[in-house]
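Data from upload.csv: CSV, N, CA and C atoms and all ligand atoms
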chain,number,residue,atom,x,y,z
A,1,MET,N,107.8,173.4,161.3
A,1,MET,CA,107.3,172.8,160.1
A,1,MET,C,108.0,171.5,159.8
A,2,CYS,N,107.3,170.4,160.1
A,2,CYS,CA,107.8,169.1,159.8
A,2,CYS,C,107.2,168.6,158.5
A,3,PHE,N,108.0,167.7,157.9
A,3,PHE,CA,107.6,167.3,156.5
A,3,PHE,C,106.9,166.0,156.5
A,4,PHE,N,105.8,165.9,155.8
A,4,PHE,CA,105.0,164.7,155.6
A,4,PHE,C,104.7,164.4,154.1
A,5,ASP,N,104.5,163.2,153.9
A,5,ASP,CA,103.9,162.8,152.5
A,5,ASP,C,102.5,163.3,152.5
A,6,GLN,N,102.0,163.5,151.3
A,6,GLN,CA,100.6,163.8,151.0
A,6,GLN,C,100.1,162.8,150.1
A,7,HIS,N,99.0,162.1,150.5
A,7,HIS,CA,98.4,161.1,149.6
A,7,HIS,C,97.2,161.8,148.9
A,8,ARG,N,97.3,161.8,147.6
A,8,ARG,CA,96.3,162.5,146.8
A,8,ARG,C,95.4,161.4,146.1
A,9,PHE,N,94.1,161.4,146.3
A,9,PHE,CA,93.2,160.4,145.8
A,9,PHE,C,92.7,160.8,144.4
A,10,ALA,N,92.1,159.9,143.7
A,10,ALA,CA,91.6,160.1,142.4
A,10,ALA,C,90.5,161.1,142.4
A,11,CYS,N,89.8,161.3,143.5
A,11,CYS,CA,88.7,162.2,143.5
A,11,CYS,C,89.2,163.7,143.8
A,12,GLY,N,90.5,163.8,144.0
A,12,GLY,CA,91.0,165.1,144.3
A,12,GLY,C,91.2,165.4,145.8
A,13,ASP,N,90.6,164.6,146.6
A,13,ASP,CA,90.8,164.7,148.1
A,13,ASP,C,92.1,164.2,148.5
A,14,TRP,N,92.6,164.6,149.6
A,14,TRP,CA,93.9,164.1,150.1
A,14,TRP,C,94.0,163.9,151.6
A,15,LYS,N,95.0,163.2,152.0
A,15,LYS,CA,95.2,163.1,153.4
A,15,LYS,C,96.7,163.1,153.7
A,16,TRP,N,97.1,163.3,154.9
A,16,TRP,CA,98.5,163.3,155.3
A,16,TRP,C,99.0,161.8,155.3
A,17,GLY,N,100.2,161.6,154.8
A,17,GLY,CA,100.8,160.3,154.8
A,17,GLY,C,101.9,160.2,155.9
A,18,HIS,N,102.9,159.5,155.5
A,18,HIS,CA,104.0,159.2,156.5
A,18,HIS,C,104.8,160.5,156.8
A,19,PHE,N,105.2,160.5,158.1
A,19,PHE,CA,106.1,161.6,158.5
A,19,PHE,C,107.5,161.3,157.8
A,20,ARG,N,108.2,162.4,157.3
A,20,ARG,CA,109.4,162.2,156.6
A,20,ARG,C,110.6,162.9,157.3
A,21,GLN,N,110.5,164.2,157.6
A,21,GLN,CA,111.7,164.9,158.1
A,21,GLN,C,111.3,165.9,159.2
A,22,HIS,N,112.1,166.0,160.2
A,22,HIS,CA,111.9,167.1,161.1
A,22,HIS,C,112.4,168.4,160.5
A,23,CYS,N,111.9,169.5,161.1
A,23,CYS,CA,112.4,170.8,160.8
A,23,CYS,C,113.4,171.2,161.9
A,24,ALA,N,114.0,172.3,161.8
A,24,ALA,CA,115.1,172.8,162.7
A,24,ALA,C,114.5,173.0,164.1
A,25,LYS,N,113.2,173.3,164.1
A,25,LYS,CA,112.5,173.7,165.4
A,25,LYS,C,112.3,172.4,166.3
A,26,GLU,N,112.2,171.3,165.7
A,26,GLU,CA,111.8,170.1,166.4
A,26,GLU,C,112.9,169.0,166.3
A,27,TYR,N,113.6,168.7,167.4
A,27,TYR,CA,114.7,167.7,167.4
A,27,TYR,C,114.4,166.5,168.1
A,28,ARG,N,113.3,166.5,168.9
A,28,ARG,CA,112.9,165.3,169.7
A,28,ARG,C,112.5,164.1,168.8
A,29,ILE,N,113.0,163.0,169.0
A,29,ILE,CA,112.7,161.8,168.2
A,29,ILE,C,111.2,161.5,168.5
A,30,GLY,N,110.5,161.2,167.4
A,30,GLY,CA,109.1,160.8,167.6
A,30,GLY,C,108.1,162.0,167.8
A,31,GLU,N,108.6,163.2,167.8
A,31,GLU,CA,107.8,164.3,167.9
A,31,GLU,C,107.8,165.1,166.6
A,32,THR,N,106.7,165.9,166.4
A,32,THR,CA,106.7,166.8,165.3
A,32,THR,C,106.2,168.2,165.9
A,33,CYS,N,106.6,169.2,165.2
A,33,CYS,CA,106.3,170.6,165.8
A,33,CYS,C,104.9,171.0,165.6
A,34,GLY,N,104.1,170.2,164.9
A,34,GLY,CA,102.7,170.6,164.8
A,34,GLY,C,102.3,171.3,163.5
A,35,MET,N,103.3,171.8,162.8
A,35,MET,CA,103.0,172.5,161.5
A,35,MET,C,103.5,171.6,160.4
A,36,LYS,N,102.5,171.1,159.6
A,36,LYS,CA,102.8,170.1,158.6
A,36,LYS,C,103.1,170.7,157.2
A,37,LEU,N,104.2,170.3,156.6
A,37,LEU,CA,104.4,170.7,155.2
A,37,LEU,C,104.5,169.5,154.4
A,38,ILE,N,104.3,169.7,153.1
A,38,ILE,CA,104.3,168.5,152.2
A,38,ILE,C,105.7,168.2,151.7
A,39,MET,N,106.1,167.0,151.9
A,39,MET,CA,107.4,166.6,151.4
A,39,MET,C,107.3,166.1,149.9
A,40,GLN,N,106.4,165.2,149.7
A,40,GLN,CA,106.1,164.8,148.3
A,40,GLN,C,104.6,164.3,148.3
A,41,THR,N,104.1,164.4,147.1
A,41,THR,CA,102.7,164.0,146.8
A,41,THR,C,102.7,162.6,146.2
A,42,VAL,N,102.0,161.7,146.9
A,42,VAL,CA,101.9,160.3,146.4
A,42,VAL,C,100.5,160.1,145.8
A,43,PRO,N,100.4,159.9,144.5
A,43,PRO,CA,99.1,159.7,143.9
A,43,PRO,C,98.5,158.3,144.3
A,44,VAL,N,97.2,158.3,144.7
A,44,VAL,CA,96.6,157.1,145.0
A,44,VAL,C,95.5,156.8,143.9
A,45,GLY,N,95.5,155.6,143.4
A,45,GLY,CA,94.7,155.3,142.2
A,45,GLY,C,93.2,155.3,142.4
A,46,GLN,N,92.8,155.3,143.7
A,46,GLN,CA,91.4,155.2,143.9
A,46,GLN,C,90.8,156.4,144.6
A,47,LYS,N,89.5,156.5,144.7
A,47,LYS,CA,88.9,157.6,145.5
A,47,LYS,C,89.1,157.4,147.0
A,48,CYS,N,88.9,158.5,147.7
A,48,CYS,CA,89.0,158.4,149.2
A,48,CYS,C,87.8,157.6,149.7
A,49,LYS,N,87.9,157.1,150.9
A,49,LYS,CA,86.8,156.3,151.5
A,49,LYS,C,85.5,157.0,151.5
A,50,LEU,N,85.4,158.3,151.8
A,50,LEU,CA,84.2,159.0,151.8
A,50,LEU,C,83.5,159.0,150.4
A,51,CYS,N,84.3,159.4,149.4
A,51,CYS,CA,83.8,159.4,148.1
A,51,CYS,C,83.4,158.1,147.6
A,52,GLU,N,84.1,157.0,148.0
A,52,GLU,CA,83.7,155.7,147.6
A,52,GLU,C,82.3,155.3,148.2
A,53,LYS,N,82.2,155.7,149.5
A,53,LYS,CA,80.9,155.4,150.2
A,53,LYS,C,79.8,156.2,149.5
A,54,ILE,N,80.0,157.5,149.1
A,54,ILE,CA,79.0,158.3,148.4
A,54,ILE,C,78.7,157.6,147.1
A,55,ASP,N,79.7,157.2,146.3
A,55,ASP,CA,79.5,156.5,145.1
A,55,ASP,C,78.6,155.3,145.2
A,56,THR,N,78.9,154.5,146.2
A,56,THR,CA,78.1,153.3,146.4
A,56,THR,C,76.7,153.6,146.7
A,57,LYS,N,76.4,154.6,147.5
A,57,LYS,CA,75.1,155.0,147.8
A,57,LYS,C,74.4,155.6,146.6
A,58,MET,N,75.1,156.4,145.8
A,58,MET,CA,74.5,156.9,144.6
A,58,MET,C,74.1,155.8,143.6
A,59,ARG,N,74.9,154.8,143.5
A,59,ARG,CA,74.6,153.7,142.6
A,59,ARG,C,73.3,153.0,143.1
A,60,ARG,N,73.3,152.8,144.4
A,60,ARG,CA,72.1,152.1,145.0
A,60,ARG,C,70.9,153.0,144.7
A,61,ARG,N,71.0,154.3,144.9
A,61,ARG,CA,69.9,155.2,144.7
A,61,ARG,C,69.4,155.1,143.2
A,62,GLY,N,70.4,155.1,142.3
A,62,GLY,CA,70.0,155.0,140.9
A,62,GLY,C,69.3,153.8,140.6
A,63,ALA,N,69.7,152.7,141.2
A,63,ALA,CA,69.0,151.4,141.0
A,63,ALA,C,67.5,151.5,141.5
A,64,GLU,N,67.3,152.1,142.6
A,64,GLU,CA,66.0,152.2,143.2
A,64,GLU,C,65.1,153.1,142.3
A,65,VAL,N,65.7,154.2,141.8
A,65,VAL,CA,64.9,155.1,140.9
A,65,VAL,C,64.5,154.3,139.6
A,66,GLU,N,65.4,153.5,139.1
A,66,GLU,CA,65.1,152.7,137.9
A,66,GLU,C,64.0,151.7,138.2
A,67,ARG,N,64.1,151.1,139.4
A,67,ARG,CA,63.0,150.1,139.8
A,67,ARG,C,61.7,150.8,139.8
A,68,ILE,N,61.6,152.0,140.4
A,68,ILE,CA,60.4,152.7,140.6
A,68,ILE,C,59.8,153.0,139.2
A,69,SER,N,60.7,153.5,138.3
A,69,SER,CA,60.1,153.9,137.0
A,69,SER,C,59.6,152.7,136.2
A,70,ARG,N,60.2,151.5,136.4
A,70,ARG,CA,59.8,150.3,135.8
A,70,ARG,C,58.4,149.9,136.4
A,71,TRP,N,58.3,150.0,137.7
A,71,TRP,CA,57.0,149.6,138.3
A,71,TRP,C,55.9,150.6,137.9
A,72,GLN,N,56.3,151.9,137.8
A,72,GLN,CA,55.3,152.8,137.5
A,72,GLN,C,54.7,152.6,136.1
A,73,ARG,N,55.5,152.1,135.2
A,73,ARG,CA,55.1,151.8,133.8
A,73,ARG,C,54.1,150.6,133.8
A,74,GLU,N,54.2,149.8,134.8
A,74,GLU,CA,53.4,148.6,134.9
A,74,GLU,C,52.1,148.8,135.6
A,75,GLY,N,51.8,150.0,136.0
A,75,GLY,CA,50.6,150.3,136.7
A,75,GLY,C,50.5,150.3,138.2
A,76,VAL,N,49.3,150.1,138.7
A,76,VAL,CA,49.1,150.4,140.2
A,76,VAL,C,49.5,149.2,141.1
A,77,LYS,N,49.7,148.0,140.5
A,77,LYS,CA,49.8,146.9,141.4
A,77,LYS,C,51.1,146.9,142.2
A,78,PHE,N,52.1,147.7,141.8
A,78,PHE,CA,53.3,147.8,142.6
A,78,PHE,C,53.4,148.9,143.6
A,79,ARG,N,52.2,149.5,143.9
A,79,ARG,CA,52.2,150.6,144.8
A,79,ARG,C,53.0,150.5,146.1
A,80,ALA,N,52.9,149.3,146.7
A,80,ALA,CA,53.6,149.1,148.0
A,80,ALA,C,55.1,149.0,147.8
A,81,SER,N,55.5,148.4,146.7
A,81,SER,CA,56.9,148.3,146.4
A,81,SER,C,57.5,149.7,146.1
A,82,ILE,N,56.7,150.5,145.4
A,82,ILE,CA,57.2,151.8,145.1
A,82,ILE,C,57.4,152.7,146.3
A,83,ASP,N,56.4,152.6,147.2
A,83,ASP,CA,56.5,153.3,148.5
A,83,ASP,C,57.7,152.9,149.3
A,84,LYS,N,58.0,151.6,149.3
A,84,LYS,CA,59.1,151.1,150.0
A,84,LYS,C,60.4,151.6,149.4
A,85,ALA,N,60.5,151.6,148.0
A,85,ALA,CA,61.7,152.1,147.4
A,85,ALA,C,61.9,153.6,147.6
A,86,MET,N,60.8,154.3,147.7
A,86,MET,CA,60.8,155.8,148.0
A,86,MET,C,61.4,156.0,149.4
A,87,ASP,N,61.1,155.1,150.3
A,87,ASP,CA,61.6,155.2,151.7
A,87,ASP,C,63.1,155.0,151.6
A,88,ILE,N,63.5,154.0,150.9
A,88,ILE,CA,65.0,153.7,150.8
A,88,ILE,C,65.7,154.9,150.2
A,89,ILE,N,65.1,155.5,149.2
A,89,ILE,CA,65.8,156.6,148.5
A,89,ILE,C,65.9,157.8,149.5
A,90,ARG,N,64.8,158.1,150.3
A,90,ARG,CA,64.9,159.1,151.3
A,90,ARG,C,66.0,158.9,152.3
A,91,HIS,N,66.1,157.6,152.7
A,91,HIS,CA,67.1,157.3,153.7
A,91,HIS,C,68.5,157.5,153.1
A,92,LEU,N,68.7,157.0,151.8
A,92,LEU,CA,70.0,157.1,151.1
A,92,LEU,C,70.3,158.6,151.0
A,93,ASP,N,69.3,159.4,150.6
A,93,ASP,CA,69.6,160.9,150.5
A,93,ASP,C,70.1,161.5,151.8
A,94,MET,N,69.6,161.0,152.9
A,94,MET,CA,70.1,161.6,154.2
A,94,MET,C,71.5,161.1,154.4
A,95,GLU,N,71.8,159.9,154.1
A,95,GLU,CA,73.2,159.4,154.3
A,95,GLU,C,74.2,160.1,153.4
A,96,ILE,N,73.7,160.3,152.1
A,96,ILE,CA,74.6,160.9,151.1
A,96,ILE,C,74.9,162.4,151.6
A,97,TYR,N,73.8,163.0,152.1
A,97,TYR,CA,74.0,164.4,152.6
A,97,TYR,C,75.0,164.4,153.8
A,98,ASP,N,74.8,163.5,154.7
A,98,ASP,CA,75.7,163.5,155.9
A,98,ASP,C,77.2,163.3,155.4
A,99,LEU,N,77.4,162.3,154.5
A,99,LEU,CA,78.7,162.0,154.0
A,99,LEU,C,79.3,163.2,153.3
A,100,SER,N,78.5,164.0,152.5
A,100,SER,CA,79.0,165.1,151.8
A,100,SER,C,79.4,166.2,152.8
A,101,CYS,N,78.6,166.4,153.9
A,101,CYS,CA,79.0,167.3,155.0
A,101,CYS,C,80.3,167.0,155.6
A,102,GLU,N,80.5,165.7,155.9
A,102,GLU,CA,81.7,165.2,156.5
A,102,GLU,C,82.9,165.5,155.6
A,103,ARG,N,82.7,165.2,154.3
A,103,ARG,CA,83.7,165.5,153.3
A,103,ARG,C,84.1,167.0,153.3
A,104,ASN,N,83.1,167.8,153.2
A,104,ASN,CA,83.4,169.3,153.2
A,104,ASN,C,84.1,169.7,154.4
A,105,LYS,N,83.7,169.2,155.6
A,105,LYS,CA,84.3,169.6,156.8
A,105,LYS,C,85.7,169.2,156.8
A,106,ARG,N,86.0,168.0,156.3
A,106,ARG,CA,87.4,167.5,156.3
A,106,ARG,C,88.2,168.3,155.4
A,107,LEU,N,87.7,168.7,154.2
A,107,LEU,CA,88.4,169.5,153.2
A,107,LEU,C,88.8,170.8,153.8
A,108,GLN,N,87.8,171.4,154.6
A,108,GLN,CA,88.1,172.7,155.2
A,108,GLN,C,89.2,172.6,156.3
A,109,GLY,N,89.1,171.5,157.0
A,109,GLY,CA,90.1,171.3,158.1
A,109,GLY,C,91.5,171.2,157.6
A,110,ILE,N,91.7,170.4,156.6
A,110,ILE,CA,93.1,170.3,156.1
A,110,ILE,C,93.4,171.3,155.0
A,111,GLY,N,92.4,171.9,154.5
A,111,GLY,CA,92.7,173.0,153.4
A,111,GLY,C,93.4,174.1,154.0
A,112,ALA,N,93.2,174.5,155.3
A,112,ALA,CA,93.8,175.6,155.9
A,112,ALA,C,95.3,175.4,156.0
A,113,LEU,N,95.7,174.1,156.2
A,113,LEU,CA,97.2,173.8,156.3
A,113,LEU,C,97.8,173.8,154.9
A,114,SER,N,97.1,173.3,153.9
A,114,SER,CA,97.7,173.2,152.6
A,114,SER,C,97.9,174.6,151.9
A,115,ALA,N,97.3,175.6,152.6
A,115,ALA,CA,97.4,177.0,152.0
A,115,ALA,C,98.8,177.5,152.1
A,116,HIS,N,99.7,177.0,153.0
A,116,HIS,CA,101.1,177.4,153.0
A,116,HIS,C,102.0,176.2,152.8
A,117,PRO,N,102.2,175.8,151.6
A,117,PRO,CA,103.1,174.7,151.4
A,117,PRO,C,104.6,175.1,151.4
A,201,ZN,ZN,87.2,162.0,148.0

Since I need it in another form, could you write the structure as structure tokens?
Amino acid sequence: MCFFDQHRFACGDWKWGHFRQHCAKEYRIGETCGMKLIMQTVPVGQKCKLCEKIDTKMRRRGAEVERISRWQREGVKFRASIDKAMDIIRHLDMEIYDLSCERNKRLQGIGALSAHP
């Protein structure tokens, strides 16, 4: 059990930070025993990269939805623009879905280790 910092993001996600101390099982310089324990938690003021990407895409999605409802109020002449915006939204939805899956997978991956601090 070697000791590492834990970086905790504003969104609640976290990642391992710097290595801090060896445990008794591992004495080789530059090596760790493979079992990570938290030395200290370092709060990070922003969200993690994945959540930031999701946020950006959600904002973009919201803007497209707003554009569509504005065009719809103005009648049929914006049909083509609306279709295009719908395509963008479908594409964004796919990307947001993929990012969320990636985030869940990562949470499960490191969640197993954080279960025994
Ligand atoms: Zn996050």

Distance limit 6 Å, reference ligand ZN 201 (chain A), atoms considered: only N, CA and C atoms and all ligand atoms. Which residues make the cut? Give them as a PDB file with N, CA and C atoms, in the coordinates of the input.
ATOM      1  N   CYS A  11      89.800 161.300 143.500  1.00  0.00           N
ATOM      2  CA  CYS A  11      88.700 162.200 143.500  1.00  0.00           C
ATOM      3  C   CYS A  11      89.200 163.700 143.800  1.00  0.00           C
ATOM      4  N   GLY A  12      90.500 163.800 144.000  1.00  0.00           N
ATOM      5  CA  GLY A  12      91.000 165.100 144.300  1.00  0.00           C
ATOM      6  C   GLY A  12      91.200 165.400 145.800  1.00  0.00           C
ATOM      7  N   ASP A  13      90.600 164.600 146.600  1.00  0.00           N
ATOM      8  CA  ASP A  13      90.800 164.700 148.100  1.00  0.00           C
ATOM      9  C   ASP A  13      92.100 164.200 148.500  1.00  0.00           C
ATOM     10  N   LYS A  47      89.500 156.500 144.700  1.00  0.00           N
ATOM     11  CA  LYS A  47      88.900 157.600 145.500  1.00  0.00           C
ATOM     12  C   LYS A  47      89.100 157.400 147.000  1.00  0.00           C
ATOM     13  N   CYS A  48      88.900 158.500 147.700  1.00  0.00           N
ATOM     14  CA  CYS A  48      89.000 158.400 149.200  1.00  0.00           C
ATOM     15  C   CYS A  48      87.800 157.600 149.700  1.00  0.00           C
ATOM     16  N   LYS A  49      87.900 157.100 150.900  1.00  0.00           N
ATOM     17  CA  LYS A  49      86.800 156.300 151.500  1.00  0.00           C
ATOM     18  C   LYS A  49      85.500 157.000 151.500  1.00  0.00           C
ATOM     19  N   LEU A  50      85.400 158.300 151.800  1.00  0.00           N
ATOM     20  CA  LEU A  50      84.200 159.000 151.800  1.00  0.00           C
ATOM     21  C   LEU A  50      83.500 159.000 150.400  1.00  0.00           C
ATOM     22  N   CYS A  51      84.300 159.400 149.400  1.00  0.00           N
ATOM     23  CA  CYS A  51      83.800 159.400 148.100  1.00  0.00           C
ATOM     24  C   CYS A  51      83.400 158.100 147.600  1.00  0.00           C
ATOM     25  N   GLU A  52      84.100 157.000 148.000  1.00  0.00           N
ATOM     26  CA  GLU A  52      83.700 155.700 147.600  1.00  0.00           C
ATOM     27  C   GLU A  52      82.300 155.300 148.200  1.00  0.00           C
TER      28      GLU A  52
END

Practice prompt. Go through A:Met58, A:Cys33, A:Cys2, A:Val44 and flag the residue nearest Phe19 of chain A, using only C-alpha atoms for the distances.
Written response: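 Checking each candidate against Phe19 of chain A, we get A:Cys2 as the closest.
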
Discussion item. Could you pull out the helix (DSSP H, G or I) residues of segment 1-94 of chain A, going by DSSP on the backbone, and write them as a ChimeraX atom specification?
Written reply: /A:49-73,76-94

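All polymer residues at most 8 Å from (98.0, 163.2, 154.2), using all atoms listed in the file, appear as A:Phe4, A:Asp5, A:Gln6, A:His7, A:Arg8, A:Trp14, A:Lys15, A:Trp16, A:Gly17, A:His18.
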
Output file for the selection above: N, CA and C atoms, as a JSON list (two decimals), in the coordinates of the input:
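File written: result.json
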[["chain", "number", "residue", "atom", "x", "y", "z"],
["A", 4, "PHE", "N", 105.80, 165.90, 155.80],
["A", 4, "PHE", "CA", 105.00, 164.70, 155.60],
["A", 4, "PHE", "C", 104.70, 164.40, 154.10],
["A", 5, "ASP", "N", 104.50, 163.20, 153.90],
["A", 5, "ASP", "CA", 103.90, 162.80, 152.50],
["A", 5, "ASP", "C", 102.50, 163.30, 152.50],
["A", 6, "GLN", "N", 102.00, 163.50, 151.30],
["A", 6, "GLN", "CA", 100.60, 163.80, 151.00],
["A", 6, "GLN", "C", 100.10, 162.80, 150.10],
["A", 7, "HIS", "N", 99.00, 162.10, 150.50],
["A", 7, "HIS", "CA", 98.40, 161.10, 149.60],
["A", 7, "HIS", "C", 97.20, 161.80, 148.90],
["A", 8, "ARG", "N", 97.30, 161.80, 147.60],
["A", 8, "ARG", "CA", 96.30, 162.50, 146.80],
["A", 8, "ARG", "C", 95.40, 161.40, 146.10],
["A", 14, "TRP", "N", 92.60, 164.60, 149.60],
["A", 14, "TRP", "CA", 93.90, 164.10, 150.10],
["A", 14, "TRP", "C", 94.00, 163.90, 151.60],
["A", 15, "LYS", "N", 95.00, 163.20, 152.00],
["A", 15, "LYS", "CA", 95.20, 163.10, 153.40],
["A", 15, "LYS", "C", 96.70, 163.10, 153.70],
["A", 16, "TRP", "N", 97.10, 163.30, 154.90],
["A", 16, "TRP", "CA", 98.50, 163.30, 155.30],
["A", 16, "TRP", "C", 99.00, 161.80, 155.30],
["A", 17, "GLY", "N", 100.20, 161.60, 154.80],
["A", 17, "GLY", "CA", 100.80, 160.30, 154.80],
["A", 17, "GLY", "C", 101.90, 160.20, 155.90],
["A", 18, "HIS", "N", 102.90, 159.50, 155.50],
["A", 18, "HIS", "CA", 104.00, 159.20, 156.50],
["A", 18, "HIS", "C", 104.80, 160.50, 156.80]]

Practice prompt. Please report, as number ranges by chain, each residue of chain A to which DSSP assigns strand (DSSP E or B) when run on this structure's backbone.
Written response: A: 2-8, 14-21, 36-43

Discussion item. As an exercise, work out the distance from atom CA of Val65 of chain A to atom CA of Ala85 of chain A in Å and give it to one decimal place.
Written reply: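 Interatomic distance, atom CA of Val65 of chain A to atom CA of Ala85 of chain A: 7.8 Å.
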
Discussion item. Taking only C-alpha atoms into account, name the residue in A:Ile68, A:Val76, A:Cys23, A:Ala63 that is nearest to Leu92 of chain A.
Written reply: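 Counting only C-alpha atoms, the residue closest to Leu92 of chain A is A:Ala63.
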
Item to complete: Might you pull out every residue within 9 Å of Ser69 of chain A, with only C-alpha atoms counted and same-chain residues fewer than 5 positions away left off, and present them as JSON, numbers by chain?
Response: {"A": [64, 74, 82]}

Discussion item. Can you measure atom C of Gln21 of chain A to atom CA of Phe3 of chain A for me? One decimal in Å is fine.
Written reply: 4.8 Å

Worksheet item: What separation in Å, quoted to one decimal, exists between atom CA of Ile54 of chain A and atom C of Glu95 of chain A?
Response: 7.2 Å

Fill-in result for segment 68-82 of chain A, N, CA, C and O atoms as a compact mmCIF listing (two decimals), in the coordinates of the input:
# COMPACT_ATOMS: atom_id res chain seq x y z
N ILE A 68 61.60 152.00 140.40
CA ILE A 68 60.40 152.70 140.60
C ILE A 68 59.80 153.00 139.20
O ILE A 68 58.60 152.83 138.95
N SER A 69 60.70 153.50 138.30
CA SER A 69 60.10 153.90 137.00
C SER A 69 59.60 152.70 136.20
O SER A 69 58.63 152.76 135.45
N ARG A 70 60.20 151.50 136.40
CA ARG A 70 59.80 150.30 135.80
C ARG A 70 58.40 149.90 136.40
O ARG A 70 57.50 149.57 135.64
N TRP A 71 58.30 150.00 137.70
CA TRP A 71 57.00 149.60 138.30
C TRP A 71 55.90 150.60 137.90
O TRP A 71 54.78 150.16 137.78
N GLN A 72 56.30 151.90 137.80
CA GLN A 72 55.30 152.80 137.50
C GLN A 72 54.70 152.60 136.10
O GLN A 72 53.51 152.78 135.83
N ARG A 73 55.50 152.10 135.20
CA ARG A 73 55.10 151.80 133.80
C ARG A 73 54.10 150.60 133.80
O ARG A 73 53.23 150.51 133.00
N GLU A 74 54.20 149.80 134.80
CA GLU A 74 53.40 148.60 134.90
C GLU A 74 52.10 148.80 135.60
O GLU A 74 51.37 147.82 135.89
N GLY A 75 51.80 150.00 136.00
CA GLY A 75 50.60 150.30 136.70
C GLY A 75 50.50 150.30 138.20
O GLY A 75 51.58 150.38 138.79
N VAL A 76 49.30 150.10 138.70
CA VAL A 76 49.10 150.40 140.20
C VAL A 76 49.50 149.20 141.10
O VAL A 76 49.58 149.37 142.26
N LYS A 77 49.70 148.00 140.50
CA LYS A 77 49.80 146.90 141.40
C LYS A 77 51.10 146.90 142.20
O LYS A 77 51.25 146.12 143.15
N PHE A 78 52.10 147.70 141.80
CA PHE A 78 53.30 147.80 142.60
C PHE A 78 53.40 148.90 143.60
O PHE A 78 54.47 149.30 144.05
N ARG A 79 52.20 149.50 143.90
CA ARG A 79 52.20 150.60 144.80
C ARG A 79 53.00 150.50 146.10
O ARG A 79 53.81 151.33 146.42
N ALA A 80 52.90 149.30 146.70
CA ALA A 80 53.60 149.10 148.00
C ALA A 80 55.10 149.00 147.80
O ALA A 80 55.86 149.61 148.57
N SER A 81 55.50 148.40 146.70
CA SER A 81 56.90 148.30 146.40
C SER A 81 57.50 149.70 146.10
O SER A 81 58.62 149.99 146.53
N ILE A 82 56.70 150.50 145.40
CA ILE A 82 57.20 151.80 145.10
C ILE A 82 57.40 152.70 146.30
O ILE A 82 58.37 153.33 146.52
